[in-house]
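Asker: One file is attached below, entry.cif, containing mmCIF, C-alpha atoms, pLDDT in the B column; chains and numbers go by the auth columns.
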data_query
loop_
_atom_site.group_PDB
_atom_site.id
_atom_site.type_symbol
_atom_site.label_atom_id
_atom_site.label_comp_id
_atom_site.label_asym_id
_atom_site.label_seq_id
_atom_site.Cartn_x
_atom_site.Cartn_y
_atom_site.Cartn_z
_atom_site.B_iso_or_equiv
_atom_site.auth_seq_id
_atom_site.auth_asym_id
ATOM 1 C CA MET A 1 -14.544 -58.541 32.951 93.00 1241 G
ATOM 2 C CA LEU A 2 -12.825 -55.415 31.674 97.00 1242 G
ATOM 3 C CA LEU A 3 -9.423 -54.341 33.004 98.00 1243 G
ATOM 4 C CA ARG A 4 -8.558 -50.691 32.536 98.00 1244 G
ATOM 5 C CA ASP A 5 -6.702 -47.771 34.061 98.00 1245 G
ATOM 6 C CA ALA A 6 -8.445 -46.194 37.037 98.00 1246 G
ATOM 7 C CA ALA A 7 -10.163 -42.842 36.531 97.00 1247 G
ATOM 8 C CA PRO A 8 -11.346 -40.272 39.101 97.00 1248 G
ATOM 9 C CA GLU A 9 -14.961 -41.416 38.792 98.00 1249 G
ATOM 10 C CA ASP A 10 -13.929 -44.922 39.957 98.00 1250 G
ATOM 11 C CA PHE A 11 -12.872 -43.805 43.392 98.00 1251 G
ATOM 12 C CA PRO A 12 -16.197 -43.992 45.228 98.00 1252 G
ATOM 13 C CA ALA A 13 -16.257 -47.706 44.326 98.00 1253 G
ATOM 14 C CA ILE A 14 -12.541 -48.136 45.055 98.00 1254 G
ATOM 15 C CA ALA A 15 -12.922 -46.440 48.436 98.00 1255 G
ATOM 16 C CA ALA A 16 -15.919 -48.670 49.251 98.00 1256 G
ATOM 17 C CA ILE A 17 -13.995 -51.841 48.362 98.00 1257 G
ATOM 18 C CA TYR A 18 -11.039 -50.780 50.463 98.00 1258 G
ATOM 19 C CA ALA A 19 -13.283 -49.674 53.349 98.00 1259 G
ATOM 20 C CA HIS A 20 -14.754 -53.168 53.500 98.00 1260 G
ATOM 21 C CA HIS A 21 -11.262 -54.687 53.819 98.00 1261 G
ATOM 22 C CA VAL A 22 -10.162 -52.128 56.411 98.00 1262 G
ATOM 23 C CA ARG A 23 -13.287 -52.662 58.536 98.00 1263 G
ATOM 24 C CA THR A 24 -13.488 -56.442 58.322 97.00 1264 G
ATOM 25 C CA GLY A 25 -10.060 -57.834 57.500 96.00 1265 G
ATOM 26 C CA THR A 26 -6.429 -57.856 58.444 97.00 1266 G
ATOM 27 C CA GLY A 27 -4.930 -57.597 54.962 95.00 1267 G
ATOM 28 C CA SER A 28 -4.561 -53.870 55.572 96.00 1268 G
ATOM 29 C CA PHE A 29 -3.325 -52.551 58.876 97.00 1269 G
ATOM 30 C CA GLU A 30 -5.250 -49.304 58.456 97.00 1270 G
ATOM 31 C CA GLU A 31 -7.905 -49.079 61.144 96.00 1271 G
ATOM 32 C CA GLU A 32 -10.085 -46.322 59.689 97.00 1272 G
ATOM 33 C CA PRO A 33 -11.006 -46.395 56.014 98.00 1273 G
ATOM 34 C CA PRO A 34 -9.766 -43.366 54.094 98.00 1274 G
ATOM 35 C CA GLY A 35 -12.344 -41.339 52.195 97.00 1275 G
ATOM 36 C CA VAL A 36 -12.634 -40.906 48.462 98.00 1276 G
ATOM 37 C CA GLU A 37 -10.477 -37.760 48.374 98.00 1277 G
ATOM 38 C CA ILE A 38 -7.609 -39.456 50.200 98.00 1278 G
ATOM 39 C CA MET A 39 -7.806 -42.420 47.844 98.00 1279 G
ATOM 40 C CA ILE A 40 -7.678 -40.015 44.880 98.00 1280 G
ATOM 41 C CA GLU A 41 -4.593 -38.349 46.393 98.00 1281 G
ATOM 42 C CA ARG A 42 -2.928 -41.775 46.681 98.00 1282 G
ATOM 43 C CA TRP A 43 -3.819 -42.547 43.057 98.00 1283 G
ATOM 44 C CA ARG A 44 -2.440 -39.204 41.847 97.00 1284 G
ATOM 45 C CA ALA A 45 0.856 -39.820 43.687 96.00 1285 G
ATOM 46 C CA ILE A 46 1.170 -43.139 41.863 96.00 1286 G
ATOM 47 C CA ALA A 47 0.014 -41.725 38.517 96.00 1287 G
ATOM 48 C CA THR A 48 2.666 -38.976 38.609 96.00 1288 G
ATOM 49 C CA ARG A 49 5.263 -41.767 38.499 96.00 1289 G
ATOM 50 C CA SER A 50 3.504 -43.451 35.540 97.00 1290 G
ATOM 51 C CA LEU A 51 2.862 -46.549 37.644 98.00 1291 G
ATOM 52 C CA PRO A 52 -0.249 -48.648 37.010 98.00 1292 G
ATOM 53 C CA TRP A 53 -3.452 -48.416 39.025 98.00 1293 G
ATOM 54 C CA LEU A 54 -5.982 -50.695 37.366 98.00 1294 G
ATOM 55 C CA VAL A 55 -9.609 -51.510 37.989 98.00 1295 G
ATOM 56 C CA ALA A 56 -11.620 -54.568 37.028 98.00 1296 G
ATOM 57 C CA GLU A 57 -15.151 -53.883 35.854 97.00 1297 G
ATOM 58 C CA VAL A 58 -17.850 -56.532 35.879 96.00 1298 G
ATOM 59 C CA ASP A 59 -21.111 -55.556 34.193 95.00 1299 G
ATOM 60 C CA GLY A 60 -20.041 -51.914 34.283 96.00 1300 G
ATOM 61 C CA VAL A 61 -19.280 -51.933 38.026 97.00 1301 G
ATOM 62 C CA VAL A 62 -15.808 -51.613 39.560 98.00 1302 G
ATOM 63 C CA ALA A 63 -15.305 -54.906 41.395 98.00 1303 G
ATOM 64 C CA GLY A 64 -11.594 -54.744 42.199 98.00 1304 G
ATOM 65 C CA TYR A 65 -8.386 -52.812 41.793 98.00 1305 G
ATOM 66 C CA SER A 66 -4.642 -53.246 41.899 98.00 1306 G
ATOM 67 C CA TYR A 67 -1.671 -50.923 41.738 98.00 1307 G
ATOM 68 C CA ALA A 68 2.069 -50.689 42.195 98.00 1308 G
ATOM 69 C CA ARG A 69 3.896 -48.066 44.202 98.00 1309 G
ATOM 70 C CA PRO A 70 7.522 -47.445 45.099 98.00 1310 G
ATOM 71 C CA TYR A 71 8.807 -49.874 47.702 98.00 1311 G
ATOM 72 C CA HIS A 72 10.908 -47.132 49.332 96.00 1312 G
ATOM 73 C CA GLU A 73 11.650 -43.538 48.442 93.00 1313 G
ATOM 74 C CA ARG A 74 15.440 -43.849 48.642 97.00 1314 G
ATOM 75 C CA PHE A 75 17.100 -43.758 45.238 97.00 1315 G
ATOM 76 C CA ALA A 76 18.748 -47.179 45.609 98.00 1316 G
ATOM 77 C CA TYR A 77 15.279 -48.785 45.610 98.00 1317 G
ATOM 78 C CA ARG A 78 14.183 -47.081 42.362 97.00 1318 G
ATOM 79 C CA PHE A 79 13.699 -50.361 40.484 97.00 1319 G
ATOM 80 C CA THR A 80 11.670 -52.084 43.238 98.00 1320 G
ATOM 81 C CA LEU A 81 7.916 -51.742 43.661 98.00 1321 G
ATOM 82 C CA GLU A 82 5.281 -52.888 46.134 98.00 1322 G
ATOM 83 C CA ASP A 83 1.924 -54.164 44.918 98.00 1323 G
ATOM 84 C CA ALA A 84 -1.594 -53.991 46.295 98.00 1324 G
ATOM 85 C CA VAL A 85 -4.724 -55.806 45.159 98.00 1325 G
ATOM 86 C CA TYR A 86 -8.266 -55.639 46.565 98.00 1326 G
ATOM 87 C CA VAL A 87 -11.488 -57.234 45.316 97.00 1327 G
ATOM 88 C CA ALA A 88 -15.076 -56.533 46.327 97.00 1328 G
ATOM 89 C CA PRO A 89 -16.388 -59.206 48.711 95.00 1329 G
ATOM 90 C CA ASP A 90 -19.060 -60.391 46.271 93.00 1330 G
ATOM 91 C CA ALA A 91 -16.412 -60.830 43.547 91.00 1331 G
ATOM 92 C CA ALA A 92 -13.885 -62.820 45.588 87.00 1332 G
ATOM 93 C CA GLY A 93 -12.728 -66.098 44.093 86.00 1333 G
ATOM 94 C CA CYS A 94 -13.725 -65.164 40.526 91.00 1334 G
ATOM 95 C CA GLY A 95 -10.204 -64.519 39.225 95.00 1335 G
ATOM 96 C CA LEU A 96 -10.331 -60.732 39.366 96.00 1336 G
ATOM 97 C CA GLY A 97 -7.378 -60.437 41.740 97.00 1337 G
ATOM 98 C CA ARG A 98 -5.277 -62.731 39.544 98.00 1338 G
ATOM 99 C CA ALA A 99 -6.167 -60.818 36.372 98.00 1339 G
ATOM 100 C CA LEU A 100 -5.477 -57.445 37.981 98.00 1340 G
ATOM 101 C CA LEU A 101 -2.165 -58.410 39.557 98.00 1341 G
ATOM 102 C CA THR A 102 -0.995 -60.219 36.411 98.00 1342 G
ATOM 103 C CA SER A 103 -1.575 -57.042 34.412 98.00 1343 G
ATOM 104 C CA VAL A 104 0.136 -54.819 36.996 98.00 1344 G
ATOM 105 C CA ILE A 105 3.157 -57.147 37.008 98.00 1345 G
ATOM 106 C CA ALA A 106 3.364 -57.092 33.195 98.00 1346 G
ATOM 107 C CA ARG A 107 3.140 -53.313 33.004 98.00 1347 G
ATOM 108 C CA CYS A 108 5.808 -52.826 35.649 98.00 1348 G
ATOM 109 C CA ALA A 109 8.143 -55.311 33.968 97.00 1349 G
ATOM 110 C CA ALA A 110 7.627 -53.536 30.630 97.00 1350 G
ATOM 111 C CA GLN A 111 8.662 -50.265 32.283 96.00 1351 G
ATOM 112 C CA GLY A 112 11.970 -51.787 33.360 96.00 1352 G
ATOM 113 C CA TYR A 113 11.306 -52.365 37.046 97.00 1353 G
ATOM 114 C CA ARG A 114 13.281 -55.301 38.434 97.00 1354 G
ATOM 115 C CA GLN A 115 11.588 -56.482 41.625 98.00 1355 G
ATOM 116 C CA MET A 116 8.112 -56.461 43.144 98.00 1356 G
ATOM 117 C CA VAL A 117 7.483 -56.923 46.842 98.00 1357 G
ATOM 118 C CA ALA A 118 4.228 -57.945 48.496 98.00 1358 G
ATOM 119 C CA ILE A 119 3.821 -56.949 52.128 98.00 1359 G
ATOM 120 C CA ILE A 120 0.813 -59.008 53.151 98.00 1360 G
ATOM 121 C CA GLY A 121 -1.021 -58.244 56.352 96.00 1361 G
ATOM 122 C CA ASP A 122 -1.590 -61.262 58.604 95.00 1362 G
ATOM 123 C CA SER A 123 0.189 -64.574 58.119 95.00 1363 G
ATOM 124 C CA ALA A 124 -3.272 -66.212 58.114 95.00 1364 G
ATOM 125 C CA ASN A 125 -4.191 -64.319 54.911 96.00 1365 G
ATOM 126 C CA ALA A 126 -4.170 -67.482 52.803 96.00 1366 G
ATOM 127 C CA GLY A 127 -5.960 -65.885 49.852 95.00 1367 G
ATOM 128 C CA SER A 128 -3.402 -63.166 49.255 97.00 1368 G
ATOM 129 C CA ILE A 129 -0.435 -65.409 50.045 98.00 1369 G
ATOM 130 C CA GLY A 130 -1.746 -68.058 47.637 97.00 1370 G
ATOM 131 C CA LEU A 131 -2.466 -65.524 44.887 97.00 1371 G
ATOM 132 C CA HIS A 132 1.030 -64.080 45.109 98.00 1372 G
ATOM 133 C CA ALA A 133 2.675 -67.523 45.224 98.00 1373 G
ATOM 134 C CA SER A 134 0.714 -68.619 42.141 97.00 1374 G
ATOM 135 C CA LEU A 135 2.081 -65.596 40.264 98.00 1375 G
ATOM 136 C CA GLY A 136 5.714 -66.371 41.033 98.00 1376 G
ATOM 137 C CA PHE A 137 6.240 -64.521 44.301 98.00 1377 G
ATOM 138 C CA ARG A 138 8.406 -66.395 46.772 98.00 1378 G
ATOM 139 C CA HIS A 139 8.201 -66.198 50.532 98.00 1379 G
ATOM 140 C CA VAL A 140 11.163 -64.202 51.838 98.00 1380 G
ATOM 141 C CA GLY A 141 10.225 -63.570 55.449 98.00 1381 G
ATOM 142 C CA ILE A 142 7.748 -62.816 58.183 98.00 1382 G
ATOM 143 C CA LEU A 143 7.809 -59.787 60.433 98.00 1383 G
ATOM 144 C CA ARG A 144 6.267 -61.187 63.608 98.00 1384 G
ATOM 145 C CA ASN A 145 3.681 -59.245 65.607 98.00 1385 G
ATOM 146 C CA VAL A 146 4.353 -55.896 63.917 97.00 1386 G
ATOM 147 C CA GLY A 147 0.694 -54.895 63.590 97.00 1387 G
ATOM 148 C CA LEU A 148 -2.131 -54.591 66.091 97.00 1388 G
ATOM 149 C CA LYS A 149 -5.686 -54.694 64.803 98.00 1389 G
ATOM 150 C CA PHE A 150 -8.937 -55.945 66.268 97.00 1390 G
ATOM 151 C CA GLY A 151 -7.057 -56.529 69.532 97.00 1391 G
ATOM 152 C CA ARG A 152 -4.699 -59.037 67.893 96.00 1392 G
ATOM 153 C CA SER A 153 -1.000 -58.914 67.157 97.00 1393 G
ATOM 154 C CA LEU A 154 -0.471 -59.565 63.467 98.00 1394 G
ATOM 155 C CA ASP A 155 2.432 -60.571 61.277 98.00 1395 G
ATOM 156 C CA SER A 156 3.426 -59.130 57.923 98.00 1396 G
ATOM 157 C CA VAL A 157 4.353 -61.707 55.313 98.00 1397 G
ATOM 158 C CA LEU A 158 7.027 -60.627 52.858 98.00 1398 G
ATOM 159 C CA MET A 159 6.997 -62.063 49.349 98.00 1399 G
ATOM 160 C CA GLN A 160 9.095 -61.062 46.366 98.00 1400 G
ATOM 161 C CA ARG A 161 9.064 -61.599 42.599 98.00 1401 G
ATOM 162 C CA GLU A 162 11.654 -60.774 39.972 97.00 1402 G
ATOM 163 C CA LEU A 163 10.222 -58.656 37.166 97.00 1403 G
ATOM 164 C CA ALA A 164 13.172 -58.192 34.830 78.00 1404 G
ATOM 165 C CA GLN A 165 16.799 -59.145 34.544 67.00 1405 G
ATOM 166 C CA LYS A 166 19.342 -56.808 36.085 58.00 1406 G
#
Could you express the structure from this file as structure tokens?
Answerer:
Amino acid sequence: MLLRDAAPEDFPAIAAIYAHHVRTGTGSFEEEPPGVEIMIERWRAIATRSLPWLVAEVDGVVAGYSYARPYHERFAYRFTLEDAVYVAPDAAGCGLGRALLTSVIARCAAQGYRQMVAIIGDSANAGSIGLHASLGFRHVGILRNVGLKFGRSLDSVLMQRELAQK
């Protein structure tokens, strides 16, 4: 496995990984997968803030990605970030998500950010909840029935991790 910064040529694979999760899962509340160009626009918005967007390569193929973005745009939240992590279905359970998120956390802490928030779609999303808990995120709340996908009302699980001392 090779972890590295994302590059424009990675986005067909990134978009395909995310499309799988949008179409089949409840970790994202998007209902239609965004195309490659939209994913590149999202990456550029994050890159302009010098925030990490990493990919994991396995045998030369992008098999997962993770990034951090601002939690809110208001100035008071400037030291708080939100994370995201997605792994290709055939690479699930191999430690890619852990490696990616660990690296994103370390980079954000090194940049002086203080808090990271995970907003996890679906309270039944045991994989993401467990991954975040194992990396020091603590459960801070549940927003009940705030999403509707696949004809089901879904919760958002809120988890939080301190990155650096105030």
Asker: Determine the nearest neighbour of Leu1294 of chain G from the options G:Ile1360, G:Cys1348, G:Leu1371, G:Leu1340, counting only C-alpha atoms.
Answerer: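 Under the stated criterion, the closest residue is G:Leu1340.
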Asker: Centre and edge lengths, as JSON, for the axis-aligned box enclosing every listed atom of segment 1265-1272 of chain G with 6 Å of padding on each of the six sides, in Å to one decimal?
Answerer:
{"center_x": -6.7, "center_y": -52.1, "center_z": 58.1, "size_x": 18.8, "size_y": 23.5, "size_z": 18.2}
Asker: What's the separation between atom CA of Ala1328 of chain G and atom CA of Gln1355 of chain G, in Å to one decimal place?
Answerer: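 A separation of 27.1 Å between them.
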Asker: What gap, in Å, lies between atom CA of Tyr1317 of chain G and atom CA of Ser1396 of chain G?
Answerer: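 For atom CA of Tyr1317 of chain G relative to atom CA of Ser1396 of chain G, the distance reads 20.0 Å.
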Asker: Using all atoms listed in the file, pick whichever of G:Ala1296, G:Met1356, G:Leu1383, G:Ala1332 has the shortest atom-to-atom distance to His1312 of chain G.
Answerer: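 Under the stated criterion, the closest residue is G:Met1356.
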Asker: Excluding Leu1321 of chain G and its own-chain neighbours fewer than 6 positions away, which residues fall within 7 Å of it when counting all atoms listed in the file? Please give them as a ChimeraX atom specification.
Answerer: /G:1308-1311,1355-1357
Asker: I'd like to know which of G:Asp1245, G:Glu1322, G:Glu1313, G:Glu1271 is closest to Glu1297 of chain G, using all atoms listed in the file.
Answerer: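 Once distances to Glu1297 of chain G are computed over all atoms listed in the file, the minimum belongs to G:Asp1245.
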Asker: Do you have the atom CA of Glu1402 of chain G-atom CA of Met1241 of chain G distance handy?
Answerer: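 Result for atom CA of Glu1402 of chain G versus atom CA of Met1241 of chain G: 27.2 Å, one decimal.
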Asker: Given the choices G:Glu1270, G:Ile1278, G:Leu1388, G:Gly1335, which gets closest to Gly1304 of chain G if the distance is worked out from all atoms listed in the file?
Answerer: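 For Gly1304 of chain G, the nearest of the candidates is G:Gly1335.
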Asker: Neighbours of Met1279 of chain G within 12 Å (all atoms listed in the file; same-chain residues fewer than 3 positions away dropped), as a ChimeraX atom specification?
Answerer: /G:1246-1259,1273-1276,1282-1286,1293
Asker: Mind checking which residues fall within 12 Å of Ser1374 of chain G, counting only C-alpha atoms, ignoring those fewer than 2 positions away in the same chain, and posting them as a PDB file with C-alpha atoms, in the coordinates of the input?
Answerer:
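Dumped everything to part-v2.pdb:
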ATOM      1  CA  GLY G1337      -7.378 -60.437  41.740  1.00 97.00           C
ATOM      2  CA  ARG G1338      -5.277 -62.731  39.544  1.00 98.00           C
ATOM      3  CA  ALA G1339      -6.167 -60.818  36.372  1.00 98.00           C
ATOM      4  CA  LEU G1341      -2.165 -58.410  39.557  1.00 98.00           C
ATOM      5  CA  THR G1342      -0.995 -60.219  36.411  1.00 98.00           C
ATOM      6  CA  ALA G1366      -4.170 -67.482  52.803  1.00 96.00           C
ATOM      7  CA  GLY G1367      -5.960 -65.885  49.852  1.00 95.00           C
ATOM      8  CA  SER G1368      -3.402 -63.166  49.255  1.00 97.00           C
ATOM      9  CA  ILE G1369      -0.435 -65.409  50.045  1.00 98.00           C
ATOM     10  CA  GLY G1370      -1.746 -68.058  47.637  1.00 97.00           C
ATOM     11  CA  LEU G1371      -2.466 -65.524  44.887  1.00 97.00           C
ATOM     12  CA  HIS G1372       1.030 -64.080  45.109  1.00 98.00           C
ATOM     13  CA  GLY G1376       5.714 -66.371  41.033  1.00 98.00           C
ATOM     14  CA  PHE G1377       6.240 -64.521  44.301  1.00 98.00           C
ATOM     15  CA  ARG G1378       8.406 -66.395  46.772  1.00 98.00           C
ATOM     16  CA  HIS G1379       8.201 -66.198  50.532  1.00 98.00           C
ATOM     17  CA  MET G1399       6.997 -62.063  49.349  1.00 98.00           C
ATOM     18  CA  ARG G1401       9.064 -61.599  42.599  1.00 98.00           C
TER      19      ARG G1401
END
Asker: Using all atoms listed in the file, can you tell me which of G:Arg1354, G:Arg1289, G:Arg1263, G:Arg1244 comes closest to Ala1303 of chain G?
Answerer: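 Answer, going by the shortest atom-to-atom distance: G:Arg1244.
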Asker: Need the shell around Asp1330 of chain G: protein/DNA/RNA residues with any atom at most 12 Å away, counting all atoms listed in the file. Skip same-chain ones fewer than 3 positions apart. Format as a short mmCIF file (atom, residue, chain, number, x, y, z; two decimals) with C-alpha atoms, in the frame of the given file?
Answerer:
data_model
loop_
_atom_site.label_atom_id
_atom_site.label_comp_id
_atom_site.auth_asym_id
_atom_site.auth_seq_id
_atom_site.Cartn_x
_atom_site.Cartn_y
_atom_site.Cartn_z
CA ILE G 1257 -14.00 -51.84 48.36
CA HIS G 1260 -14.75 -53.17 53.50
CA VAL G 1298 -17.85 -56.53 35.88
CA VAL G 1301 -19.28 -51.93 38.03
CA VAL G 1302 -15.81 -51.61 39.56
CA ALA G 1303 -15.30 -54.91 41.40
CA GLY G 1304 -11.59 -54.74 42.20
CA TYR G 1326 -8.27 -55.64 46.56
CA VAL G 1327 -11.49 -57.23 45.32
CA GLY G 1333 -12.73 -66.10 44.09
CA CYS G 1334 -13.72 -65.16 40.53
CA LEU G 1336 -10.33 -60.73 39.37
#
Asker: Which of these residues is nearest to Ala1349 of chain G, using all atoms listed in the file: G:Leu1403, G:Pro1329, G:Lys1389, G:Arg1384?
Answerer: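 Using all atoms listed in the file, the shortest distance to Ala1349 of chain G belongs to G:Leu1403.
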Asker: Find the residues around Ser1343 of chain G up to 9 Å (all atoms listed in the file counted), leave out those fewer than 6 positions away in its own chain, and share them as a ChimeraX atom specification.
Answerer: /G:1243,1292,1294,1306
Asker: Selected by the PyMOL selection byres ((chain G and resi 1324) around 6) in the shown coordinates: which residues, as a compact mmCIF listing (two decimals) with C-alpha atoms, in the coordinates of the input?
Answerer:
# COMPACT_ATOMS: atom_id res chain seq x y z
CA SER G 1306 -4.64 -53.25 41.90
CA TYR G 1307 -1.67 -50.92 41.74
CA ASP G 1323 1.92 -54.16 44.92
CA VAL G 1325 -4.72 -55.81 45.16
